[in-house]
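Novice: Got a structure for you, coords-v4.pdb, holding PDB, C-alpha atoms and all ligand atoms.
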```
ATOM      1  CA  MET A   1       0.339 -26.825   1.576  1.00  0.00           C
ATOM      2  CA  SER A   2      -1.281 -24.214   3.788  1.00  0.00           C
ATOM      3  CA  ALA A   3       0.551 -21.740   6.012  1.00  0.00           C
ATOM      4  CA  VAL A   4       1.143 -22.787   9.608  1.00  0.00           C
ATOM      5  CA  LEU A   5       2.960 -19.735  10.934  1.00  0.00           C
ATOM      6  CA  THR A   6       3.804 -16.230   9.834  1.00  0.00           C
ATOM      7  CA  ALA A   7       6.301 -14.148  11.777  1.00  0.00           C
ATOM      8  CA  ASP A   8       6.561 -10.514  10.818  1.00  0.00           C
ATOM      9  CA  ARG A   9       9.241  -7.963  11.699  1.00  0.00           C
ATOM     10  CA  LEU A  10      10.361  -9.619  14.920  1.00  0.00           C
ATOM     11  CA  TYR A  11      12.763  -7.598  17.017  1.00  0.00           C
ATOM     12  CA  CYS A  12      14.494  -8.424  20.267  1.00  0.00           C
ATOM     13  CA  GLU A  13      17.024  -6.551  22.321  1.00  0.00           C
ATOM     14  CA  ARG A  14      18.523  -7.768  25.591  1.00  0.00           C
ATOM     15  CA  ASP A  15      21.053  -5.941  27.738  1.00  0.00           C
ATOM     16  CA  GLU A  16      21.402  -3.284  24.994  1.00  0.00           C
ATOM     17  CA  ARG A  17      22.315  -6.011  22.489  1.00  0.00           C
ATOM     18  CA  VAL A  18      20.082  -6.607  19.480  1.00  0.00           C
ATOM     19  CA  LEU A  19      19.530 -10.352  19.181  1.00  0.00           C
ATOM     20  CA  PHE A  20      17.463 -10.141  15.994  1.00  0.00           C
ATOM     21  CA  GLU A  21      15.629  -7.481  14.047  1.00  0.00           C
ATOM     22  CA  ALA A  22      13.381  -7.289  10.978  1.00  0.00           C
ATOM     23  CA  LEU A  23      13.044 -11.058  11.211  1.00  0.00           C
ATOM     24  CA  SER A  24      10.193 -12.303   9.033  1.00  0.00           C
ATOM     25  CA  PHE A  25       9.408 -15.779   7.813  1.00  0.00           C
ATOM     26  CA  GLN A  26       6.532 -18.048   6.887  1.00  0.00           C
ATOM     27  CA  LEU A  27       6.302 -21.762   7.526  1.00  0.00           C
ATOM     28  CA  ASP A  28       3.962 -24.132   5.757  1.00  0.00           C
ATOM     29  CA  GLN A  29       2.785 -27.659   6.389  1.00  0.00           C
ATOM     30  CA  GLY A  30       5.682 -30.024   5.738  1.00  0.00           C
ATOM     31  CA  ASP A  31       8.394 -27.532   6.703  1.00  0.00           C
ATOM     32  CA  ILE A  32      11.130 -28.128   9.262  1.00  0.00           C
ATOM     33  CA  LEU A  33      12.810 -24.930  10.411  1.00  0.00           C
ATOM     34  CA  HIS A  34      16.224 -25.580  11.939  1.00  0.00           C
ATOM     35  CA  LEU A  35      17.079 -22.594  14.085  1.00  0.00           C
ATOM     36  CA  LYS A  36      20.815 -22.256  14.555  1.00  0.00           C
ATOM     37  CA  GLY A  37      23.245 -19.868  16.197  1.00  0.00           C
ATOM     38  CA  PRO A  38      25.837 -19.634  18.957  1.00  0.00           C
ATOM     39  CA  ASN A  39      25.009 -19.798  22.662  1.00  0.00           C
ATOM     40  CA  GLY A  40      23.123 -16.685  23.720  1.00  0.00           C
ATOM     41  CA  SER A  41      22.093 -15.696  20.196  1.00  0.00           C
ATOM     42  CA  GLY A  42      18.374 -15.728  21.000  1.00  0.00           C
ATOM     43  CA  LYS A  43      17.079 -19.099  19.805  1.00  0.00           C
ATOM     44  CA  THR A  44      15.201 -19.962  23.001  1.00  0.00           C
ATOM     45  CA  THR A  45      13.908 -16.397  23.254  1.00  0.00           C
ATOM     46  CA  LEU A  46      12.500 -16.639  19.730  1.00  0.00           C
ATOM     47  CA  LEU A  47      10.857 -20.029  20.354  1.00  0.00           C
ATOM     48  CA  ARG A  48       9.297 -18.767  23.568  1.00  0.00           C
ATOM     49  CA  ARG A  49       7.873 -15.801  21.679  1.00  0.00           C
ATOM     50  CA  LEU A  50       6.441 -18.085  19.007  1.00  0.00           C
ATOM     51  CA  VAL A  51       4.525 -20.064  21.626  1.00  0.00           C
ATOM     52  CA  GLY A  52       3.429 -16.949  23.525  1.00  0.00           C
ATOM     53  CA  LEU A  53       5.687 -17.334  26.566  1.00  0.00           C
ATOM     54  CA  SER A  54       7.979 -14.346  26.023  1.00  0.00           C
ATOM     55  CA  HIS A  55       7.022 -10.711  25.938  1.00  0.00           C
ATOM     56  CA  VAL A  56      10.447  -9.294  25.168  1.00  0.00           C
ATOM     57  CA  VAL A  57      10.062  -9.726  21.409  1.00  0.00           C
ATOM     58  CA  GLU A  58       8.267  -7.116  19.317  1.00  0.00           C
ATOM     59  CA  GLY A  59       6.525  -7.942  16.053  1.00  0.00           C
ATOM     60  CA  GLU A  60       3.641 -10.105  14.951  1.00  0.00           C
ATOM     61  CA  VAL A  61       3.231 -13.875  15.119  1.00  0.00           C
ATOM     62  CA  ARG A  62       0.227 -15.599  13.608  1.00  0.00           C
ATOM     63  CA  TRP A  63      -0.439 -19.312  13.794  1.00  0.00           C
ATOM     64  CA  PHE A  64      -2.664 -20.991  11.208  1.00  0.00           C
ATOM     65  CA  PRO A  65      -3.488 -17.712   9.437  1.00  0.00           C
ATOM     66  CA  GLU A  66      -5.697 -19.435   6.873  1.00  0.00           C
ATOM     67  CA  ASP A  67      -7.662 -21.434   9.434  1.00  0.00           C
ATOM     68  CA  THR A  68     -11.383 -20.875   9.387  1.00  0.00           C
ATOM     69  CA  GLU A  69     -12.188 -23.561  11.944  1.00  0.00           C
ATOM     70  CA  THR A  70     -12.625 -21.867  15.304  1.00  0.00           C
ATOM     71  CA  SER A  71     -13.551 -24.854  17.473  1.00  0.00           C
ATOM     72  CA  VAL A  72      -9.915 -25.818  18.077  1.00  0.00           C
ATOM     73  CA  GLU A  73      -7.665 -23.401  19.953  1.00  0.00           C
ATOM     74  CA  PRO A  74      -4.234 -22.837  18.346  1.00  0.00           C
ATOM     75  CA  ASN A  75      -2.587 -24.057  21.564  1.00  0.00           C
ATOM     76  CA  GLU A  76      -4.202 -27.453  21.144  1.00  0.00           C
ATOM     77  CA  LYS A  77      -2.507 -27.768  17.770  1.00  0.00           C
ATOM     78  CA  ILE A  78       0.986 -26.872  18.954  1.00  0.00           C
ATOM     79  CA  TRP A  79       3.316 -28.870  21.137  1.00  0.00           C
ATOM     80  CA  TYR A  80       6.201 -27.042  22.751  1.00  0.00           C
ATOM     81  CA  ILE A  81       8.976 -28.977  24.422  1.00  0.00           C
ATOM     82  CA  ALA A  82      11.345 -26.694  26.278  1.00  0.00           C
ATOM     83  CA  HIS A  83      15.087 -27.026  26.656  1.00  0.00           C
ATOM     84  CA  ARG A  84      14.550 -28.233  30.220  1.00  0.00           C
ATOM     85  CA  PRO A  85      11.639 -30.565  29.649  1.00  0.00           C
ATOM     86  CA  ALA A  86       8.838 -30.548  32.167  1.00  0.00           C
ATOM     87  CA  VAL A  87       9.089 -34.034  33.638  1.00  0.00           C
ATOM     88  CA  THR A  88       7.511 -34.525  37.037  1.00  0.00           C
ATOM     89  CA  LEU A  89      10.124 -36.566  38.864  1.00  0.00           C
ATOM     90  CA  LEU A  90       7.752 -38.169  41.359  1.00  0.00           C
ATOM     91  CA  GLN A  91       5.598 -39.505  38.530  1.00  0.00           C
ATOM     92  CA  SER A  92       6.394 -42.487  36.364  1.00  0.00           C
ATOM     93  CA  PRO A  93       7.072 -42.085  32.631  1.00  0.00           C
ATOM     94  CA  LEU A  94       3.570 -43.428  31.944  1.00  0.00           C
ATOM     95  CA  GLU A  95       1.953 -40.890  34.287  1.00  0.00           C
ATOM     96  CA  ASN A  96       4.032 -38.049  32.840  1.00  0.00           C
ATOM     97  CA  LEU A  97       2.979 -38.966  29.337  1.00  0.00           C
ATOM     98  CA  ARG A  98      -0.695 -39.424  30.206  1.00  0.00           C
ATOM     99  CA  TYR A  99      -1.021 -36.182  32.200  1.00  0.00           C
ATOM    100  CA  GLY A 100       1.084 -34.198  29.734  1.00  0.00           C
ATOM    101  CA  LEU A 101      -1.313 -35.146  26.952  1.00  0.00           C
ATOM    102  CA  ALA A 102      -4.371 -34.566  29.131  1.00  0.00           C
ATOM    103  CA  LEU A 103      -3.136 -31.031  29.900  1.00  0.00           C
ATOM    104  CA  HIS A 104      -3.345 -30.354  26.175  1.00  0.00           C
ATOM    105  CA  GLY A 105      -6.843 -31.801  26.091  1.00  0.00           C
ATOM    106  CA  HIS A 106      -5.885 -35.134  24.516  1.00  0.00           C
ATOM    107  CA  GLN A 107      -7.157 -38.446  25.898  1.00  0.00           C
ATOM    108  CA  VAL A 108      -5.111 -41.286  24.418  1.00  0.00           C
ATOM    109  CA  PRO A 109      -5.664 -45.032  24.974  1.00  0.00           C
ATOM    110  CA  SER A 110      -3.100 -46.544  27.382  1.00  0.00           C
ATOM    111  CA  GLU A 111      -1.982 -48.972  24.702  1.00  0.00           C
ATOM    112  CA  HIS A 112      -0.704 -46.069  22.561  1.00  0.00           C
ATOM    113  CA  LEU A 113       1.156 -44.620  25.526  1.00  0.00           C
ATOM    114  CA  TRP A 114       2.920 -47.927  26.197  1.00  0.00           C
ATOM    115  CA  GLN A 115       3.854 -48.145  22.520  1.00  0.00           C
ATOM    116  CA  ALA A 116       5.305 -44.623  22.530  1.00  0.00           C
ATOM    117  CA  LEU A 117       7.364 -45.349  25.649  1.00  0.00           C
ATOM    118  CA  ALA A 118       8.655 -48.545  24.062  1.00  0.00           C
ATOM    119  CA  GLN A 119       9.605 -46.621  20.921  1.00  0.00           C
ATOM    120  CA  VAL A 120      11.764 -44.217  22.908  1.00  0.00           C
ATOM    121  CA  GLY A 121      13.477 -47.119  24.680  1.00  0.00           C
ATOM    122  CA  LEU A 122      11.669 -46.927  28.016  1.00  0.00           C
ATOM    123  CA  ARG A 123      10.217 -50.426  27.964  1.00  0.00           C
ATOM    124  CA  GLY A 124      10.602 -51.777  31.500  1.00  0.00           C
ATOM    125  CA  PHE A 125      10.822 -48.270  32.969  1.00  0.00           C
ATOM    126  CA  GLU A 126       7.175 -47.269  32.467  1.00  0.00           C
ATOM    127  CA  ASP A 127       6.123 -47.533  36.116  1.00  0.00           C
ATOM    128  CA  ILE A 128       9.091 -46.376  38.162  1.00  0.00           C
ATOM    129  CA  PRO A 129       9.434 -42.814  39.501  1.00  0.00           C
ATOM    130  CA  SER A 130      11.175 -40.651  36.907  1.00  0.00           C
ATOM    131  CA  HIS A 131      13.803 -39.453  39.403  1.00  0.00           C
ATOM    132  CA  GLN A 132      15.294 -42.925  39.146  1.00  0.00           C
ATOM    133  CA  LEU A 133      16.028 -42.374  35.452  1.00  0.00           C
ATOM    134  CA  SER A 134      19.191 -40.963  33.888  1.00  0.00           C
ATOM    135  CA  ALA A 135      19.261 -37.497  32.318  1.00  0.00           C
ATOM    136  CA  GLY A 136      18.913 -38.950  28.822  1.00  0.00           C
ATOM    137  CA  GLN A 137      16.065 -41.224  29.920  1.00  0.00           C
ATOM    138  CA  GLN A 138      14.249 -38.266  31.477  1.00  0.00           C
ATOM    139  CA  ARG A 139      14.511 -36.423  28.169  1.00  0.00           C
ATOM    140  CA  ARG A 140      13.076 -39.491  26.483  1.00  0.00           C
ATOM    141  CA  VAL A 141      10.073 -39.268  28.815  1.00  0.00           C
ATOM    142  CA  ALA A 142       9.396 -35.732  27.582  1.00  0.00           C
ATOM    143  CA  LEU A 143       9.986 -36.682  23.967  1.00  0.00           C
ATOM    144  CA  ALA A 144       7.730 -39.767  24.100  1.00  0.00           C
ATOM    145  CA  ARG A 145       4.810 -37.426  23.439  1.00  0.00           C
ATOM    146  CA  LEU A 146       6.158 -36.958  19.914  1.00  0.00           C
ATOM    147  CA  PHE A 147       5.701 -40.670  19.313  1.00  0.00           C
ATOM    148  CA  VAL A 148       1.984 -40.594  20.100  1.00  0.00           C
ATOM    149  CA  SER A 149      -0.099 -39.874  17.047  1.00  0.00           C
ATOM    150  CA  VAL A 150      -2.573 -37.062  17.793  1.00  0.00           C
ATOM    151  CA  PRO A 151      -4.088 -35.836  14.516  1.00  0.00           C
ATOM    152  CA  ALA A 152      -5.162 -32.488  16.035  1.00  0.00           C
ATOM    153  CA  VAL A 153      -1.536 -31.523  16.587  1.00  0.00           C
ATOM    154  CA  LYS A 154      -0.126 -29.711  13.560  1.00  0.00           C
ATOM    155  CA  ALA A 155       3.086 -28.115  14.824  1.00  0.00           C
ATOM    156  CA  TRP A 156       5.981 -28.969  17.095  1.00  0.00           C
ATOM    157  CA  VAL A 157       8.223 -26.343  18.655  1.00  0.00           C
ATOM    158  CA  LEU A 158      11.268 -28.096  20.068  1.00  0.00           C
ATOM    159  CA  ASP A 159      14.109 -26.453  21.988  1.00  0.00           C
ATOM    160  CA  GLU A 160      17.247 -28.579  21.734  1.00  0.00           C
ATOM    161  CA  PRO A 161      15.344 -31.876  21.476  1.00  0.00           C
ATOM    162  CA  LEU A 162      18.492 -33.847  20.606  1.00  0.00           C
ATOM    163  CA  THR A 163      20.479 -32.808  23.700  1.00  0.00           C
ATOM    164  CA  ALA A 164      21.548 -35.609  26.079  1.00  0.00           C
ATOM    165  CA  LEU A 165      20.335 -38.334  23.733  1.00  0.00           C
ATOM    166  CA  ASP A 166      22.624 -41.133  22.591  1.00  0.00           C
ATOM    167  CA  VAL A 167      23.441 -41.595  18.895  1.00  0.00           C
ATOM    168  CA  GLN A 168      20.681 -44.132  18.322  1.00  0.00           C
ATOM    169  CA  ALA A 169      18.045 -41.952  19.979  1.00  0.00           C
ATOM    170  CA  VAL A 170      19.188 -38.911  17.980  1.00  0.00           C
ATOM    171  CA  ASP A 171      18.663 -40.841  14.727  1.00  0.00           C
ATOM    172  CA  LEU A 172      15.284 -42.128  15.923  1.00  0.00           C
ATOM    173  CA  LEU A 173      14.068 -38.650  16.803  1.00  0.00           C
ATOM    174  CA  LYS A 174      15.333 -37.122  13.556  1.00  0.00           C
ATOM    175  CA  ASP A 175      13.422 -39.801  11.633  1.00  0.00           C
ATOM    176  CA  ARG A 176      10.302 -39.076  13.687  1.00  0.00           C
ATOM    177  CA  ILE A 177      10.590 -35.332  13.026  1.00  0.00           C
ATOM    178  CA  ARG A 178      10.942 -35.914   9.276  1.00  0.00           C
ATOM    179  CA  ALA A 179       7.986 -38.329   9.288  1.00  0.00           C
ATOM    180  CA  PHE A 180       5.780 -35.809  11.111  1.00  0.00           C
ATOM    181  CA  ALA A 181       6.665 -33.160   8.508  1.00  0.00           C
ATOM    182  CA  SER A 182       6.073 -35.578   5.636  1.00  0.00           C
ATOM    183  CA  ASP A 183       2.581 -36.190   7.062  1.00  0.00           C
ATOM    184  CA  GLY A 184       1.846 -32.461   6.859  1.00  0.00           C
ATOM    185  CA  GLY A 185       3.134 -31.309  10.237  1.00  0.00           C
ATOM    186  CA  CYS A 186       5.424 -28.342  10.772  1.00  0.00           C
ATOM    187  CA  VAL A 187       8.474 -28.400  13.040  1.00  0.00           C
ATOM    188  CA  ILE A 188      10.526 -25.533  14.445  1.00  0.00           C
ATOM    189  CA  MET A 189      13.554 -26.726  16.317  1.00  0.00           C
ATOM    190  CA  THR A 190      16.828 -25.499  17.704  1.00  0.00           C
ATOM    191  CA  SER A 191      19.802 -27.794  17.702  1.00  0.00           C
ATOM    192  CA  HIS A 192      23.561 -27.665  17.690  1.00  0.00           C
ATOM    193  CA  HIS A 193      23.320 -30.965  15.777  1.00  0.00           C
ATOM    194  CA  GLY A 194      22.461 -30.941  12.091  1.00  0.00           C
ATOM    195  CA  ILE A 195      19.264 -32.361  10.676  1.00  0.00           C
ATOM    196  CA  GLU A 196      19.198 -33.408   7.074  1.00  0.00           C
ATOM    197  CA  GLY A 197      16.230 -33.597   4.713  1.00  0.00           C
ATOM    198  CA  ASP A 198      14.574 -31.931   1.743  1.00  0.00           C
ATOM    199  CA  GLN A 199      12.020 -30.279   4.047  1.00  0.00           C
ATOM    200  CA  VAL A 200      14.668 -28.643   6.247  1.00  0.00           C
ATOM    201  CA  ARG A 201      15.219 -24.884   6.095  1.00  0.00           C
ATOM    202  CA  GLY A 202      17.926 -23.194   8.108  1.00  0.00           C
ATOM    203  CA  LEU A 203      17.730 -19.913   9.972  1.00  0.00           C
ATOM    204  CA  THR A 204      20.830 -18.677  11.773  1.00  0.00           C
ATOM    205  CA  LEU A 205      20.718 -16.063  14.510  1.00  0.00           C
ATOM    206  CA  GLY A 206      23.689 -14.092  15.733  1.00  0.00           C
ATOM    207  CA  VAL A 207      25.072 -13.370  12.292  1.00  0.00           C
ATOM    208  CA  PRO A 208      25.209  -9.720  11.198  1.00  0.00           C
ATOM    209  CA  ALA A 209      22.861  -9.016   8.271  1.00  0.00           C
TER     210      ALA A 209
HETATM  211  N1  LIG B   1      15.429 -13.742  31.734  1.00  0.00           N
HETATM  212  C1  LIG B   1      16.381 -13.075  31.098  1.00  0.00           C
HETATM  213  N2  LIG B   1      16.742 -11.828  31.467  1.00  0.00           N
HETATM  214  C2  LIG B   1      17.700 -11.147  30.822  1.00  0.00           C
HETATM  215  N3  LIG B   1      18.362 -11.632  29.761  1.00  0.00           N
HETATM  216  C3  LIG B   1      18.060 -12.860  29.365  1.00  0.00           C
HETATM  217  C4  LIG B   1      17.060 -13.653  29.983  1.00  0.00           C
HETATM  218  N4  LIG B   1      16.962 -14.831  29.336  1.00  0.00           N
HETATM  219  C5  LIG B   1      17.882 -14.790  28.362  1.00  0.00           C
HETATM  220  N5  LIG B   1      18.524 -13.609  28.363  1.00  0.00           N
HETATM  221  C6  LIG B   1      19.588 -13.208  27.461  1.00  0.00           C
HETATM  222  O1  LIG B   1      19.124 -13.289  26.139  1.00  0.00           O
HETATM  223  C7  LIG B   1      20.153 -13.789  25.307  1.00  0.00           C
HETATM  224  C8  LIG B   1      19.597 -14.926  24.465  1.00  0.00           C
HETATM  225  O2  LIG B   1      19.310 -16.045  25.300  1.00  0.00           O
HETATM  226  P1  LIG B   1      18.684 -17.374  24.693  1.00  0.00           P
HETATM  227  O3  LIG B   1      18.474 -18.307  25.826  1.00  0.00           O
HETATM  228  O4  LIG B   1      17.532 -17.018  23.850  1.00  0.00           O
HETATM  229  O5  LIG B   1      19.889 -17.881  23.758  1.00  0.00           O
HETATM  230  P2  LIG B   1      20.063 -19.246  22.963  1.00  0.00           P
HETATM  231  O6  LIG B   1      20.469 -18.893  21.560  1.00  0.00           O
HETATM  232  O7  LIG B   1      18.876 -20.111  23.113  1.00  0.00           O
HETATM  233  O8  LIG B   1      21.324 -19.878  23.703  1.00  0.00           O
HETATM  234  P3  LIG B   1      21.822 -21.407  23.946  1.00  0.00           P
HETATM  235  O9  LIG B   1      22.345 -21.924  22.624  1.00  0.00           O
HETATM  236  O10 LIG B   1      22.897 -21.232  24.959  1.00  0.00           O
HETATM  237  O11 LIG B   1      20.653 -22.197  24.489  1.00  0.00           O
HETATM  238  C9  LIG B   1      21.329 -14.189  26.190  1.00  0.00           C
HETATM  239  O12 LIG B   1      22.326 -13.198  26.058  1.00  0.00           O
HETATM  240  C10 LIG B   1      20.755 -14.168  27.572  1.00  0.00           C
HETATM  241  O13 LIG B   1      21.689 -13.674  28.496  1.00  0.00           O
END
```
When written as structure tokens, how does the structure in this file appear?

Specialist:
Amino acid sequence: MSAVLTADRLYCERDERVLFEALSFQLDQGDILHLKGPNGSGKTTLLRRLVGLSHVVEGEVRWFPEDTETSVEPNEKIWYIAHRPAVTLLQSPLENLRYGLALHGHQVPSEHLWQALAQVGLRGFEDIPSHQLSAGQQRRVALARLFVSVPAVKAWVLDEPLTALDVQAVDLLKDRIRAFASDGGCVIMTSHHGIEGDQVRGLTLGVPA
């Protein structure tokens, strides 16, 4: 299994408090990294650094270090779903899913989008404005992307993906995450829930070395 991500000597300090230091790890295809730690320990900050959205973390991050193919940008291979998912409330779930994928350069047949929305329990809600959905349903809109198969995507970075979901949806998403990893994908996720599986590695922030 080839390397997906190497993180080397990451360091972050906020408000004169060191969140993490000398943090190094490598993730390969098939790995699930479960990032844990108390509120405020730096999990979101670390994820944002991994996807290039935070500049408060020192150290080196390299995606797909062994990749020789240059025609695909790393960002096209990585999906990041933030803690507050970007759902456009005036758009329907179907429109959110279609445009979200298009923003990443992926054109997907409508049939696959309908299937993904049905898988996350949004059958019958595909065409209504998303502001009419509950908080958990809005999270499902954002997470539906994970149920569309896009072979170019090799890594998921998920900030609290299980929040606000009911028990059934939590189990469904955990199964989907494990299946993606089993197919050679790599997942980095934060969660205050556990996730079980042979592929799962834990990393806890906020604990003195
Ligand atoms: N924009 C910011 N400016 C200053 N400090 C910030 C900023 N964003 C986050 N922090 C601080 O960085 C620390 C880590 O925040 P972060 O959101 O990464 O924690 P977290 O582990 O994801 O927490 P939670 O489990 O509550 O989501 C917190 O102490 C927070 O106050």

Novice: Expanded to explicit residues, what is the PyMOL selection byres (((not hetatm)) within 6 of (chain B and resi 1)) for this file, as an MDAnalysis selection string?

Specialist: chainID A and resid 14 38:45

Novice: Please produce a file of those selected residues containing C-alpha atoms, as a compact mmCIF listing (two decimals), in the coordinates of the input.

Specialist:
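And here's result22.txt as it stands now:
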```txt
# COMPACT_ATOMS: atom_id res chain seq x y z
CA ARG A 14 18.52 -7.77 25.59
CA PRO A 38 25.84 -19.63 18.96
CA ASN A 39 25.01 -19.80 22.66
CA GLY A 40 23.12 -16.68 23.72
CA SER A 41 22.09 -15.70 20.20
CA GLY A 42 18.37 -15.73 21.00
CA LYS A 43 17.08 -19.10 19.80
CA THR A 44 15.20 -19.96 23.00
CA THR A 45 13.91 -16.40 23.25
```

Novice: Using all atoms listed in the file, find the one residue out of A:Ala152, A:Leu113, A:Ala135, A:Leu103 that sits nearest to Leu89 in chain A.

Specialist: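 For Leu89 in chain A, the nearest of the given residues is A:Ala135.
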
Novice: Ranking A:Leu97, A:Cys12, A:Gly184, A:Ala118 by minimum distance to His55 in chain A and counting all atoms listed in the file, which one comes first?

Specialist: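 Answer, going by the shortest atom-to-atom distance: A:Cys12.
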
Novice: Output, as lines of an AutoDock Vina configuration file, the centre and edge lengths in Å (one decimal) of the axis-aligned box that contains all listed atoms of range 117-134 of chain A with 5 Å of margin on each side.

Specialist:
```
center_x = 12.7
center_y = -45.6
center_z = 30.2
size_x = 23.1
size_y = 22.3
size_z = 28.6
```

Novice: Can you work out which one of A:Val87, A:Leu94, A:Val167, A:Ala102 has the shortest atom-to-atom distance to Arg123 in chain A, counting only C-alpha atoms?

Specialist: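 So, comparing all the options, the nearest one is A:Leu94.
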
Novice: Could you name the residues that touch Arg84 in chain A at 9 Å or less, counting all atoms listed in the file, but leaving out those on the same chain fewer than 6 positions away, as a PDB file with C-alpha atoms, in the coordinates of the input?

Specialist:
```
ATOM      1  CA  ARG A 139      14.511 -36.423  28.169  1.00  0.00           C
ATOM      2  CA  ASP A 159      14.109 -26.453  21.988  1.00  0.00           C
ATOM      3  CA  GLU A 160      17.247 -28.579  21.734  1.00  0.00           C
TER       4      GLU A 160
END
```

Novice: For range 29-34 of chain A, work out the shell of residues within 9 Å, counting only C-alpha atoms and skipping chain neighbours fewer than 2 positions away, then give it as a JSON list (two decimals) with C-alpha atoms, in the frame of the given file.

Specialist:
```
[["chain", "number", "residue", "atom", "x", "y", "z"],
["A", 1, "MET", "CA", 0.34, -26.82, 1.58],
["A", 2, "SER", "CA", -1.28, -24.21, 3.79],
["A", 3, "ALA", "CA", 0.55, -21.74, 6.01],
["A", 4, "VAL", "CA", 1.14, -22.79, 9.61],
["A", 27, "LEU", "CA", 6.30, -21.76, 7.53],
["A", 36, "LYS", "CA", 20.82, -22.26, 14.56],
["A", 154, "LYS", "CA", -0.13, -29.71, 13.56],
["A", 155, "ALA", "CA", 3.09, -28.12, 14.82],
["A", 177, "ILE", "CA", 10.59, -35.33, 13.03],
["A", 178, "ARG", "CA", 10.94, -35.91, 9.28],
["A", 180, "PHE", "CA", 5.78, -35.81, 11.11],
["A", 181, "ALA", "CA", 6.66, -33.16, 8.51],
["A", 182, "SER", "CA", 6.07, -35.58, 5.64],
["A", 183, "ASP", "CA", 2.58, -36.19, 7.06],
["A", 184, "GLY", "CA", 1.85, -32.46, 6.86],
["A", 185, "GLY", "CA", 3.13, -31.31, 10.24],
["A", 186, "CYS", "CA", 5.42, -28.34, 10.77],
["A", 187, "VAL", "CA", 8.47, -28.40, 13.04],
["A", 188, "ILE", "CA", 10.53, -25.53, 14.44],
["A", 189, "MET", "CA", 13.55, -26.73, 16.32],
["A", 190, "THR", "CA", 16.83, -25.50, 17.70],
["A", 191, "SER", "CA", 19.80, -27.79, 17.70],
["A", 194, "GLY", "CA", 22.46, -30.94, 12.09],
["A", 195, "ILE", "CA", 19.26, -32.36, 10.68],
["A", 197, "GLY", "CA", 16.23, -33.60, 4.71],
["A", 199, "GLN", "CA", 12.02, -30.28, 4.05],
["A", 200, "VAL", "CA", 14.67, -28.64, 6.25],
["A", 201, "ARG", "CA", 15.22, -24.88, 6.10],
["A", 202, "GLY", "CA", 17.93, -23.19, 8.11],
["A", 203, "LEU", "CA", 17.73, -19.91, 9.97],
["A", 204, "THR", "CA", 20.83, -18.68, 11.77]]
```

Novice: Report as a count of residues only all protein, DNA and RNA residues lying within 9 Å of Asp8 in chain A, evaluated on only C-alpha atoms, omitting residues in the same chain fewer than 4 positions from it.

Specialist: 9

Novice: Any idea what the distance is between CA of Leu19 in chain A and CA of Pro161 in chain A?

Specialist: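 Atom-to-atom, CA of Leu19 in chain A and CA of Pro161 in chain A are spaced 22.0 Å apart.
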
Novice: Given the file above and the PyMOL selection byres (((chain A and resi 78) around 9) and not hetatm), which residues are selected, and can you give them as a PyMOL selection string?

Specialist: chain A and resi 51+74-77+79-80+152-157

Novice: Output C-alpha atoms for every residue in the selection just made, as a tab-separated table (two decimals), keeping the file's coordinate frame.

Specialist:
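And here is the file that came out, again.tsv:
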```
chain	number	residue	atom	x	y	z
A	51	VAL	CA	4.53	-20.06	21.63
A	74	PRO	CA	-4.23	-22.84	18.35
A	75	ASN	CA	-2.59	-24.06	21.56
A	76	GLU	CA	-4.20	-27.45	21.14
A	77	LYS	CA	-2.51	-27.77	17.77
A	79	TRP	CA	3.32	-28.87	21.14
A	80	TYR	CA	6.20	-27.04	22.75
A	152	ALA	CA	-5.16	-32.49	16.04
A	153	VAL	CA	-1.54	-31.52	16.59
A	154	LYS	CA	-0.13	-29.71	13.56
A	155	ALA	CA	3.09	-28.12	14.82
A	156	TRP	CA	5.98	-28.97	17.10
A	157	VAL	CA	8.22	-26.34	18.66
```

Novice: Could you tell me how far CA of Pro85 in chain A lies from CA of Glu196 in chain A, in Å and to one decimal?

Specialist: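 Straight-line distance from CA of Pro85 in chain A to CA of Glu196 in chain A works out to 24.0 Å.
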
Novice: Hey, what's within 10 Å of Leu143 in chain A if we count all atoms listed in the file and toss same-chain stuff fewer than 6 positions away? As a PyMOL selection string, please?

Specialist: chain A and resi 81+85+97+116-117+120+137+158+161-162+173

Novice: Looking at A:Asp67, A:Asp175, A:Glu126, A:Glu13, which one is nearest to Phe147 in chain A, with distances taken over all atoms listed in the file?

Specialist: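 Comparing A:Asp67, A:Asp175, A:Glu126, A:Glu13 against Phe147 in chain A, the winner is A:Asp175.
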
Novice: Kindly indicate which residue among A:Trp63, A:His83, A:Pro109, A:Val18 lies nearest to Leu5 in chain A, using all atoms listed in the file for the distances.

Specialist: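 Checking each of A:Trp63, A:His83, A:Pro109, A:Val18 against Leu5 in chain A, counting all atoms listed in the file, the winner is A:Trp63.
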
Novice: With only C-alpha atoms as the basis for distance, which of A:Leu35, A:Val148, A:Leu172, A:Leu122 is at the shortest distance from Ser92 in chain A?

Specialist: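 Ranking A:Leu35, A:Val148, A:Leu172, A:Leu122 by distance to Ser92 in chain A, first place goes to A:Leu122.
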